[in-house]
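*Asks:* Data: target25.cif, mmCIF, C-alpha atoms and all ligand atoms.
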```cif
data_final
#
loop_
_atom_site.label_atom_id
_atom_site.label_comp_id
_atom_site.auth_asym_id
_atom_site.auth_seq_id
_atom_site.Cartn_x
_atom_site.Cartn_y
_atom_site.Cartn_z
CA MET A 1 -110.98 -21.89 29.26
CA HIS A 2 -111.07 -22.60 25.58
CA PHE A 3 -107.94 -23.61 23.75
CA HIS A 4 -107.65 -23.38 20.02
CA ILE A 5 -105.52 -26.37 19.14
CA THR A 6 -103.57 -26.08 15.96
CA PRO A 7 -100.85 -28.46 14.86
CA MET A 8 -98.95 -25.58 13.34
CA LYS A 9 -96.31 -23.96 15.49
CA ILE A 10 -96.74 -20.22 15.96
CA TYR A 11 -94.52 -18.17 18.23
CA SER A 12 -94.75 -14.48 19.23
CA ASP A 13 -91.83 -12.14 19.73
CA PHE A 14 -89.46 -14.75 18.37
CA SER A 15 -85.68 -14.38 18.27
CA LEU A 16 -84.17 -14.78 14.79
CA LYS A 17 -80.61 -14.96 16.03
CA ASN A 18 -80.33 -18.62 15.04
CA HIS A 19 -82.25 -18.05 11.82
CA ASN A 20 -79.88 -15.67 10.05
CA THR A 21 -76.33 -16.65 9.21
CA PHE A 22 -75.10 -13.09 9.87
CA GLY A 23 -75.98 -13.97 13.47
CA LEU A 24 -77.80 -10.67 14.04
CA ASP A 25 -79.75 -10.41 17.26
CA VAL A 26 -83.20 -9.45 15.95
CA LYS A 27 -86.78 -10.53 16.61
CA CYS A 28 -89.98 -10.88 14.64
CA SER A 29 -93.50 -10.27 15.95
CA ARG A 30 -94.66 -13.70 14.86
CA PHE A 31 -92.92 -16.83 13.61
CA ILE A 32 -94.79 -19.63 11.87
CA ALA A 33 -93.03 -22.95 11.44
CA ILE A 34 -94.50 -25.14 8.71
CA GLU A 35 -93.52 -28.74 9.38
CA ASP A 36 -95.93 -30.36 6.98
CA GLU A 37 -97.30 -29.26 3.62
CA THR A 38 -100.85 -29.78 4.86
CA GLU A 39 -100.32 -26.77 7.14
CA VAL A 40 -99.77 -24.41 4.22
CA PRO A 41 -103.41 -23.32 3.68
CA GLU A 42 -103.77 -22.42 7.36
CA ALA A 43 -100.43 -20.58 7.32
CA ILE A 44 -101.48 -18.58 4.26
CA HIS A 45 -104.74 -17.72 6.00
CA GLN A 46 -102.71 -16.29 8.89
CA LEU A 47 -100.80 -13.99 6.55
CA SER A 48 -103.82 -12.02 5.41
CA ASP A 49 -102.85 -8.49 6.27
CA GLN A 50 -99.57 -8.06 8.00
CA PRO A 51 -96.14 -7.82 6.46
CA PHE A 52 -94.53 -11.22 6.16
CA TYR A 53 -91.38 -12.79 4.85
CA VAL A 54 -90.69 -16.38 3.90
CA LEU A 55 -87.37 -17.30 5.41
CA GLY A 56 -85.23 -20.19 4.24
CA GLY A 57 -81.90 -20.88 5.90
CA GLY A 58 -81.44 -17.15 6.56
CA SER A 59 -78.21 -17.27 4.61
CA ASN A 60 -79.09 -14.55 2.14
CA VAL A 61 -80.76 -11.96 4.31
CA LEU A 62 -79.70 -8.93 6.31
CA PHE A 63 -82.10 -7.84 9.06
CA THR A 64 -81.49 -4.15 9.70
CA LYS A 65 -84.03 -4.08 12.55
CA ASP A 66 -86.64 -6.22 14.29
CA PHE A 67 -89.15 -7.55 11.78
CA GLU A 68 -92.61 -6.17 12.57
CA GLY A 69 -94.58 -8.93 10.98
CA THR A 70 -94.70 -12.66 10.40
CA ILE A 71 -91.77 -14.82 9.42
CA VAL A 72 -92.77 -18.06 7.75
CA HIS A 73 -90.23 -20.82 8.02
CA MET A 74 -90.51 -23.98 5.94
CA GLN A 75 -89.46 -27.00 7.97
CA THR A 76 -90.82 -29.69 5.68
CA SER A 77 -88.66 -32.62 4.64
CA GLY A 78 -88.43 -35.38 2.08
CA ILE A 79 -86.48 -36.25 -1.05
CA ALA A 80 -87.81 -38.81 -3.54
CA VAL A 81 -87.30 -40.03 -7.07
CA VAL A 82 -90.51 -39.50 -9.03
CA GLU A 83 -89.46 -40.60 -12.50
CA GLU A 84 -86.48 -42.40 -13.91
CA ASN A 85 -85.05 -43.62 -17.20
CA ASP A 86 -81.63 -44.82 -18.35
CA LEU A 87 -80.27 -41.34 -18.80
CA SER A 88 -81.83 -39.20 -16.14
CA VAL A 89 -83.93 -39.00 -13.05
CA LYS A 90 -86.52 -36.62 -11.71
CA VAL A 91 -86.23 -35.93 -8.00
CA VAL A 92 -88.60 -33.92 -5.84
CA ALA A 93 -87.32 -32.29 -2.68
CA ALA A 94 -89.30 -30.48 0.01
CA ALA A 95 -88.66 -26.76 0.45
CA GLY A 96 -87.52 -27.24 4.04
CA GLU A 97 -84.80 -29.78 3.21
CA SER A 98 -81.32 -28.42 3.68
CA TRP A 99 -79.50 -27.86 0.39
CA GLU A 100 -76.57 -29.75 1.83
CA ASN A 101 -78.74 -32.86 2.41
CA PHE A 102 -80.04 -32.69 -1.11
CA VAL A 103 -76.58 -32.40 -2.70
CA ASN A 104 -75.31 -35.28 -0.56
CA TYR A 105 -78.30 -37.38 -1.61
CA CYS A 106 -77.52 -36.74 -5.30
CA VAL A 107 -73.81 -37.42 -4.93
CA THR A 108 -74.49 -40.66 -3.03
CA HIS A 109 -77.07 -41.88 -5.54
CA GLY A 110 -74.95 -41.11 -8.59
CA PHE A 111 -77.14 -38.26 -9.86
CA TYR A 112 -75.09 -35.65 -11.73
CA GLY A 113 -75.75 -31.92 -11.81
CA VAL A 114 -75.54 -30.34 -8.35
CA GLU A 115 -72.09 -31.47 -7.18
CA ASN A 116 -70.53 -28.09 -8.05
CA LEU A 117 -73.11 -26.46 -5.77
CA ILE A 118 -72.07 -28.39 -2.68
CA GLY A 119 -71.55 -26.34 0.48
CA ILE A 120 -73.96 -23.54 -0.36
CA PRO A 121 -75.86 -22.80 2.84
CA GLY A 122 -79.65 -22.63 2.86
CA LEU A 123 -82.72 -24.65 2.04
CA VAL A 124 -83.99 -26.33 -1.12
CA GLY A 125 -86.97 -23.94 -1.29
CA SER A 126 -84.66 -20.95 -1.60
CA CYS A 127 -82.48 -22.32 -4.38
CA PRO A 128 -84.74 -21.23 -7.26
CA VAL A 129 -85.42 -17.80 -5.75
CA GLN A 130 -81.97 -16.42 -6.39
CA ASN A 131 -80.89 -19.18 -8.79
CA ILE A 132 -77.94 -20.19 -6.62
CA GLY A 133 -74.70 -20.68 -8.48
CA ALA A 134 -71.06 -21.49 -7.92
CA TYR A 135 -68.05 -22.99 -9.65
CA GLY A 136 -69.45 -22.76 -13.16
CA ALA A 137 -72.89 -24.18 -12.33
CA GLU A 138 -76.29 -22.64 -11.71
CA VAL A 139 -79.26 -24.46 -10.22
CA LYS A 140 -81.51 -23.31 -13.09
CA ASP A 141 -79.82 -25.91 -15.29
CA VAL A 142 -81.22 -28.77 -13.21
CA ILE A 143 -84.57 -27.38 -12.09
CA ASP A 144 -87.52 -29.04 -13.81
CA SER A 145 -90.27 -27.17 -11.99
CA VAL A 146 -91.17 -25.38 -8.78
CA GLU A 147 -94.32 -26.10 -6.76
CA GLY A 148 -96.01 -23.79 -4.31
CA PHE A 149 -99.05 -21.75 -3.36
CA TYR A 150 -100.08 -18.19 -4.13
CA ILE A 151 -100.60 -16.17 -0.97
CA ALA A 152 -103.42 -14.05 -2.38
CA ASP A 153 -105.90 -16.87 -3.00
CA GLY A 154 -104.21 -19.94 -1.53
CA GLN A 155 -104.21 -21.68 -4.92
CA PRO A 156 -101.44 -24.17 -5.71
CA PHE A 157 -99.13 -23.67 -8.70
CA VAL A 158 -96.55 -25.63 -10.65
CA MET A 159 -94.12 -23.44 -12.47
CA SER A 160 -92.01 -24.86 -15.29
CA ASN A 161 -88.35 -23.94 -15.62
CA ALA A 162 -89.22 -21.44 -18.37
CA ASP A 163 -91.97 -19.88 -16.21
CA CYS A 164 -89.37 -19.13 -13.52
CA HIS A 165 -87.56 -16.52 -15.70
CA PHE A 166 -84.18 -17.51 -14.35
CA GLY A 167 -81.22 -15.15 -14.70
CA TYR A 168 -77.96 -14.55 -12.86
CA ARG A 169 -78.98 -14.61 -9.16
CA ASN A 170 -82.49 -13.82 -10.30
CA SER A 171 -85.92 -15.34 -10.98
CA ILE A 172 -89.62 -14.52 -11.05
CA PHE A 173 -89.61 -15.17 -7.27
CA LYS A 174 -87.49 -12.05 -6.74
CA ASN A 175 -89.68 -9.99 -9.04
CA GLU A 176 -93.35 -10.50 -9.97
CA LEU A 177 -93.83 -13.16 -7.29
CA LYS A 178 -91.79 -11.51 -4.55
CA ASN A 179 -93.71 -11.99 -1.28
CA ARG A 180 -96.62 -13.40 -3.27
CA CYS A 181 -96.08 -17.14 -2.95
CA LEU A 182 -94.82 -19.95 -0.79
CA ILE A 183 -92.59 -22.52 -2.45
CA THR A 184 -93.29 -26.02 -1.15
CA ASN A 185 -91.26 -28.34 -3.41
CA VAL A 186 -88.61 -28.16 -6.08
CA VAL A 187 -88.43 -30.80 -8.82
CA PHE A 188 -85.00 -31.45 -10.30
CA ARG A 189 -83.93 -33.25 -13.48
CA LEU A 190 -80.54 -34.82 -12.86
CA SER A 191 -78.34 -36.86 -15.14
CA LYS A 192 -77.41 -40.49 -14.59
CA GLU A 193 -74.75 -40.24 -17.27
CA GLU A 194 -71.28 -39.49 -16.07
CA LYS A 195 -70.61 -35.88 -16.99
CA TYR A 196 -68.88 -33.09 -15.14
CA ASN A 197 -68.83 -29.33 -15.34
CA LEU A 198 -65.21 -28.29 -15.03
CA SER A 199 -65.60 -24.86 -16.61
CA TYR A 200 -64.39 -23.08 -13.48
CA ARG A 201 -60.64 -22.79 -13.92
CA ALA A 202 -59.51 -23.59 -10.35
CA LEU A 203 -61.65 -26.72 -10.47
CA SER A 204 -60.32 -28.06 -13.77
CA GLU A 205 -56.75 -27.29 -12.68
CA LYS A 206 -57.14 -29.22 -9.44
CA LEU A 207 -58.73 -32.20 -11.18
CA GLN A 208 -56.49 -32.28 -14.25
CA ASP A 209 -54.64 -35.50 -13.57
CA GLU A 210 -57.17 -37.12 -11.29
CA PRO A 211 -59.59 -39.95 -12.00
CA LEU A 212 -62.99 -38.27 -11.80
CA SER A 213 -65.99 -39.27 -9.76
CA LEU A 214 -68.96 -37.36 -8.35
CA LYS A 215 -67.47 -37.61 -4.90
CA LYS A 216 -64.08 -36.39 -6.11
CA VAL A 217 -65.61 -33.33 -7.79
CA ALA A 218 -67.80 -32.55 -4.77
CA ASP A 219 -64.84 -32.87 -2.39
CA THR A 220 -62.69 -30.65 -4.59
CA VAL A 221 -65.39 -27.98 -4.76
CA SER A 222 -65.71 -28.16 -0.96
CA ALA A 223 -61.97 -27.67 -0.60
CA ILE A 224 -61.96 -24.65 -2.94
CA ARG A 225 -64.92 -23.14 -1.06
CA LYS A 226 -63.18 -23.62 2.28
CA SER A 227 -60.05 -21.92 0.98
CA LYS A 228 -61.98 -18.75 0.05
CA LEU A 229 -65.25 -18.56 1.92
CA PRO A 230 -65.95 -18.48 5.65
CA ASP A 231 -68.07 -21.24 7.19
CA VAL A 232 -71.33 -19.58 8.23
CA HIS A 233 -71.41 -21.78 11.33
CA GLU A 234 -68.13 -20.28 12.49
CA LEU A 235 -68.24 -16.68 11.31
CA GLY A 236 -71.40 -14.68 10.62
CA SER A 237 -71.88 -13.81 6.95
CA ALA A 238 -74.34 -14.22 4.10
CA GLY A 239 -71.90 -15.44 1.46
CA SER A 240 -71.30 -12.97 -1.36
CA PHE A 241 -72.76 -9.71 -0.15
CA PHE A 242 -72.86 -8.08 -3.59
CA LYS A 243 -73.77 -9.36 -7.05
CA ASN A 244 -71.13 -9.24 -9.73
CA PRO A 245 -72.03 -6.18 -11.82
CA VAL A 246 -72.82 -6.42 -15.52
CA VAL A 247 -71.49 -3.53 -17.63
CA SER A 248 -71.46 -2.75 -21.35
CA GLN A 249 -68.55 -3.72 -23.59
CA THR A 250 -67.81 0.02 -24.03
CA THR A 251 -67.58 0.54 -20.27
CA LEU A 252 -65.31 -2.48 -20.01
CA ASP A 253 -63.02 -1.19 -22.79
CA THR A 254 -62.67 2.16 -21.04
CA LEU A 255 -62.01 0.49 -17.68
CA LEU A 256 -59.42 -1.86 -19.17
CA GLN A 257 -57.35 1.11 -20.33
CA ARG A 258 -56.91 2.13 -16.70
CA PHE A 259 -57.12 -1.31 -15.08
CA PRO A 260 -55.79 -3.86 -17.57
CA ASP A 261 -56.05 -6.75 -15.10
CA LEU A 262 -59.79 -6.55 -14.53
CA VAL A 263 -61.39 -9.98 -14.58
CA HIS A 264 -64.43 -10.19 -16.87
CA TYR A 265 -66.78 -12.82 -18.20
CA PRO A 266 -69.39 -12.74 -20.95
CA ALA A 267 -72.85 -12.20 -19.50
CA ASN A 268 -76.39 -11.76 -20.71
CA GLY A 269 -76.59 -8.26 -22.14
CA GLY A 270 -72.98 -7.27 -21.47
CA VAL A 271 -69.89 -8.24 -19.53
CA LYS A 272 -69.73 -9.35 -15.92
CA LEU A 273 -67.02 -7.93 -13.67
CA ALA A 274 -65.86 -9.50 -10.40
CA ALA A 275 -67.19 -7.32 -7.59
CA GLY A 276 -64.70 -9.00 -5.22
CA GLN A 277 -61.81 -7.77 -7.34
CA LEU A 278 -63.23 -4.22 -7.56
CA ILE A 279 -63.59 -4.11 -3.76
CA ASP A 280 -60.12 -5.59 -3.37
CA LEU A 281 -58.64 -2.92 -5.68
CA CYS A 282 -60.25 -0.27 -3.45
CA GLN A 283 -58.18 -1.70 -0.57
CA TRP A 284 -61.23 -2.99 1.27
CA LYS A 285 -60.19 -6.64 1.36
CA GLY A 286 -59.78 -7.76 4.97
CA HIS A 287 -60.66 -4.26 6.14
CA ARG A 288 -62.53 -4.11 9.42
CA ILE A 289 -64.49 -1.37 11.15
CA GLY A 290 -65.58 -2.35 14.65
CA GLN A 291 -67.24 -5.76 14.43
CA VAL A 292 -67.84 -5.71 10.66
CA GLY A 293 -65.31 -6.48 7.95
CA THR A 294 -64.72 -7.98 4.54
CA TYR A 295 -63.40 -11.53 4.68
CA PRO A 296 -59.61 -11.46 4.33
CA LEU A 297 -59.65 -14.19 1.65
CA GLN A 298 -62.63 -12.96 -0.41
CA ALA A 299 -63.58 -9.29 -0.41
CA LEU A 300 -67.09 -9.99 -1.70
CA VAL A 301 -68.08 -11.47 1.65
CA ILE A 302 -68.97 -9.21 4.57
CA VAL A 303 -68.58 -10.78 7.99
CA ASN A 304 -69.88 -10.10 11.47
CA TYR A 305 -67.03 -10.69 13.92
CA GLY A 306 -69.60 -10.83 16.72
CA GLY A 307 -72.17 -8.42 18.09
CA ALA A 308 -72.51 -6.24 14.99
CA THR A 309 -75.94 -4.77 14.26
CA GLY A 310 -77.71 -4.71 10.91
CA LYS A 311 -77.10 -0.98 10.83
CA ASP A 312 -73.34 -1.50 11.26
CA VAL A 313 -73.41 -3.76 8.20
CA VAL A 314 -75.43 -1.23 6.20
CA ASP A 315 -73.00 1.59 7.07
CA PHE A 316 -70.10 -0.66 6.12
CA TYR A 317 -71.46 -1.85 2.79
CA SER A 318 -72.54 1.67 1.80
CA ARG A 319 -68.96 2.86 2.19
CA ILE A 320 -67.68 0.03 0.01
CA GLN A 321 -70.34 0.75 -2.60
CA ALA A 322 -69.39 4.44 -2.64
CA ASP A 323 -65.66 3.73 -2.99
CA VAL A 324 -66.16 1.24 -5.81
CA TYR A 325 -68.38 3.74 -7.59
CA GLN A 326 -65.84 6.50 -7.14
CA LYS A 327 -62.95 4.45 -8.49
CA PHE A 328 -64.66 2.55 -11.30
CA GLY A 329 -67.94 4.37 -11.94
CA VAL A 330 -69.68 1.02 -11.42
CA LYS A 331 -72.52 0.58 -8.95
CA ILE A 332 -72.38 -2.74 -7.13
CA GLU A 333 -75.72 -3.93 -5.74
CA PRO A 334 -76.31 -6.12 -2.69
CA GLU A 335 -77.08 -9.72 -3.46
CA VAL A 336 -78.58 -10.33 -0.03
CA ASN A 337 -82.15 -9.32 0.79
CA ILE A 338 -82.14 -6.31 3.07
CA LEU A 339 -85.09 -6.12 5.45
N1 LIG B 1 -61.15 -11.61 -6.67
C1 LIG B 1 -60.21 -10.73 -6.20
N2 LIG B 1 -60.25 -10.36 -4.89
C2 LIG B 1 -61.18 -10.84 -4.03
C3 LIG B 1 -62.16 -11.74 -4.51
C4 LIG B 1 -62.12 -12.11 -5.84
O1 LIG B 1 -59.35 -10.28 -6.95
O2 LIG B 1 -61.16 -10.46 -2.88
C5 LIG B 1 -61.09 -12.06 -8.07
C6 LIG B 1 -60.65 -13.52 -8.13
O3 LIG B 1 -59.25 -13.64 -8.17
C7 LIG B 1 -61.29 -13.99 -9.41
C8 LIG B 1 -62.55 -13.16 -9.50
O4 LIG B 1 -62.39 -12.05 -8.63
O5 LIG B 1 -60.48 -13.70 -10.52
C9 LIG B 1 -63.80 -13.95 -9.15
O6 LIG B 1 -63.64 -14.51 -7.86
P1 LIG B 1 -64.29 -15.92 -7.45
O7 LIG B 1 -64.04 -16.91 -8.51
O8 LIG B 1 -63.86 -16.23 -6.07
O9 LIG B 1 -65.83 -15.72 -7.49
P2 LIG B 1 -66.81 -14.47 -7.27
O10 LIG B 1 -67.23 -13.95 -8.59
O11 LIG B 1 -66.17 -13.51 -6.33
C10 LIG B 1 -68.95 -15.95 -7.35
C11 LIG B 1 -70.21 -16.13 -6.58
C12 LIG B 1 -69.98 -17.01 -5.36
C13 LIG B 1 -69.42 -18.35 -5.83
C14 LIG B 1 -68.12 -18.07 -6.60
C15 LIG B 1 -67.49 -19.31 -7.16
C16 LIG B 1 -71.55 -14.13 -6.92
C17 LIG B 1 -72.11 -12.89 -6.32
N3 LIG B 1 -70.74 -14.86 -6.15
O12 LIG B 1 -68.05 -15.18 -6.56
O13 LIG B 1 -71.25 -17.24 -4.74
O14 LIG B 1 -69.17 -19.21 -4.75
O15 LIG B 1 -68.42 -17.20 -7.71
O16 LIG B 1 -68.16 -19.74 -8.28
O17 LIG B 1 -71.87 -14.44 -8.08
C18 LIG B 1 -72.75 -16.42 -3.08
O18 LIG B 1 -73.52 -16.15 -4.00
O19 LIG B 1 -73.04 -16.20 -1.88
C19 LIG B 1 -71.44 -16.98 -3.40
C20 LIG B 1 -70.52 -17.22 -2.48
#
```
Translate this file's structure into structure tokens.
Ligand code: EPU
*Replies:*
Amino acid sequence: MHFHITPMKIYSDFSLKNHNTFGLDVKCSRFIAIEDETEVPEAIHQLSDQPFYVLGGGSNVLFTKDFEGTIVHMQTSGIAVVEENDLSVKVVAAAGESWENFVNYCVTHGFYGVENLIGIPGLVGSCPVQNIGAYGAEVKDVIDSVEGFYIADGQPFVMSNADCHFGYRNSIFKNELKNRCLITNVVFRLSKEEKYNLSYRALSEKLQDEPLSLKKVADTVSAIRKSKLPDVHELGSAGSFFKNPVVSQTTLDTLLQRFPDLVHYPANGGVKLAAGQLIDLCQWKGHRIGQVGTYPLQALVIVNYGGATGKDVVDFYSRIQADVYQKFGVKIEPEVNIL
């Protein structure tokens, strides 16, 4: 018998139950685990013609059915300083590192810039894809460049921050490069100077009379998160299910006449509304149908109370979307990737 020995781990008919934070019981036809960057060319070779999807922590995806294709999972690790001066530091982190590890590394080493993003589930390699953001900060403000490989020809690339076309929960990786590349490393530029981003009101209020430190800010953000968002290890969810919608100033003015308390923020090309509030005002907060519901403390999060299917979640979110549209004339779009 002849064995083809490959160092890369490939599994068939693989369960994704532990690879999606919604906890949905789905499978993929093939699962490729990349544990070392040197395996990337071979992995890309394997992707030639079937559908595939590069999965990070599975915290921003909704599987509506079994995935008939290959799931690529980055399991690489490593965080290192590559350049340093008195004011700042450049740090490279492998795509497979957990975001949590990376934030803890920065907080411990006195590198400023990602402390407000503590507690976001997922992997480093996914952070540029949807430009993760929370508590007044967005990862685009600390990304120097993104390294990876194009699937089509296996060529490596280094994309500068400007090349990434970052926007609110958006980047080139969700558009032109969607399913066209594999991100291997993210390079960050972090500050060594003591400076904090306290633009999020609840954060500045909590820290008002406190002596500040990186640890203090990170702990406070963690506490605010815990008070509003479910822990994905305890209750299945994918964080915010919808994006906050951006509407025109005219639409906002009209809406404010009927709903004077609507929360709104300036946004690129218009005004951003809080989808959570819109859902809440439609009486969907904490509402549950079977095993699916909105989180009682934050209506923007859809949770799986156990045993729900992807289809149950789709039916549920479609009803919310329809009600919000009926009441406000605003279409809210899923933030999670629906497969
Ligand atoms: N609100 C309600 N009812 C709700 C939820 C929210 O009235 O059920 C109101 C709040 O009172 C507040 C406003 O809506 O005035 C905004 O709420 P919040 O500050 O909690 O943030 P968000 O806009 O709902 C966004 C991100 C979160 C991030 C938080 C904190 C998106 C899609 N979501 O939520 O990100 O943690 O801000 O900065 O932009 C994620 O992307 O998965 C995520 C959790």
*Asks:* List all protein, DNA and RNA residues that have at least one atom no more than 6 Å from any atom of ligand LIG 1 (chain B), counting all atoms listed in the file, and write them as a PyMOL selection string.
*Replies:* chain A and resi 134-136+239-240+242-244+263+274+276-277+280+285+298-300
*Asks:* Find the spatial neighbours of stretch 141-153 of chain A, counting all atoms listed in the file, within a cut-off of 8 Å - ignore same-chain residues fewer than 3 positions away - and output them as a compact mmCIF listing (two decimals) with C-alpha atoms, in the frame of the given file.
*Replies:*
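Writing the result to result-v5.txt gives the following:
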```txt
# COMPACT_ATOMS: atom_id res chain seq x y z
CA ILE A 44 -101.48 -18.58 4.26
CA LEU A 47 -100.80 -13.99 6.55
CA LYS A 90 -86.52 -36.62 -11.71
CA GLY A 113 -75.75 -31.92 -11.81
CA VAL A 114 -75.54 -30.34 -8.35
CA PRO A 128 -84.74 -21.23 -7.26
CA ALA A 137 -72.89 -24.18 -12.33
CA GLU A 138 -76.29 -22.64 -11.71
CA PRO A 156 -101.44 -24.17 -5.71
CA PHE A 157 -99.13 -23.67 -8.70
CA VAL A 158 -96.55 -25.63 -10.65
CA MET A 159 -94.12 -23.44 -12.47
CA SER A 160 -92.01 -24.86 -15.29
CA ASN A 161 -88.35 -23.94 -15.62
CA ARG A 180 -96.62 -13.40 -3.27
CA CYS A 181 -96.08 -17.14 -2.95
CA LEU A 182 -94.82 -19.95 -0.79
CA ILE A 183 -92.59 -22.52 -2.45
CA THR A 184 -93.29 -26.02 -1.15
CA ASN A 185 -91.26 -28.34 -3.41
CA VAL A 186 -88.61 -28.16 -6.08
CA VAL A 187 -88.43 -30.80 -8.82
CA PHE A 188 -85.00 -31.45 -10.30
CA ARG A 189 -83.93 -33.25 -13.48
CA LEU A 190 -80.54 -34.82 -12.86
```
*Asks:* Rank nothing, just name the residue among A:Val292, A:Leu123, A:Ala43, A:Val26 nearest to A:Ser77, using only C-alpha atoms.
*Replies:*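 Among A:Val292, A:Leu123, A:Ala43, A:Val26, it is A:Leu123 that comes nearest to A:Ser77.
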*Asks:* Give me the residues near A:Val330 as an NGL selection string, where near means some atom within 8 Å (using all atoms listed in the file) and where sequence neighbours in that chain fewer than 6 positions away do not count.
*Replies:* :A and (245 or 247 or 324)
*Asks:* So how many Å separate atom CA of A:Gly286 and atom CA of A:Gly306, to one decimal?
*Replies:*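 A separation of 15.6 Å between them.
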*Asks:* Restricting the calculation to all atoms listed in the file, which member of A:Ser199, A:Asn179, A:Ser171, A:Thr38 is positioned closest to A:Cys127?
*Replies:* A:Ser171
*Asks:* Extract, using only C-alpha atoms, all DNA, RNA and protein residues at most 8 Å from A:Leu24, discarding same-chain residues fewer than 4 positions from it, and format them as a PDB file with C-alpha atoms, in the frame of the given file.
*Replies:*
```
ATOM      1  CA  LEU A  16     -84.170 -14.780  14.790  1.00  0.00           C
ATOM      2  CA  LYS A  17     -80.610 -14.960  16.030  1.00  0.00           C
ATOM      3  CA  ASN A  20     -79.880 -15.670  10.050  1.00  0.00           C
ATOM      4  CA  PHE A  63     -82.100  -7.840   9.060  1.00  0.00           C
ATOM      5  CA  GLY A 307     -72.170  -8.420  18.090  1.00  0.00           C
ATOM      6  CA  ALA A 308     -72.510  -6.240  14.990  1.00  0.00           C
ATOM      7  CA  THR A 309     -75.940  -4.770  14.260  1.00  0.00           C
ATOM      8  CA  GLY A 310     -77.710  -4.710  10.910  1.00  0.00           C
TER       9      GLY A 310
END
```
*Asks:* Kindly provide, as lines of an AutoDock Vina configuration file, the centre and edge lengths (Å, one decimal) of an axis-aligned box around all atoms of stretch 277-291 of chain A given in the file, with 8 Å on each side.
*Replies:*
```
center_x = -62.7
center_y = -4.0
center_z = 3.5
size_x = 25.1
size_y = 23.5
size_z = 38.2
```
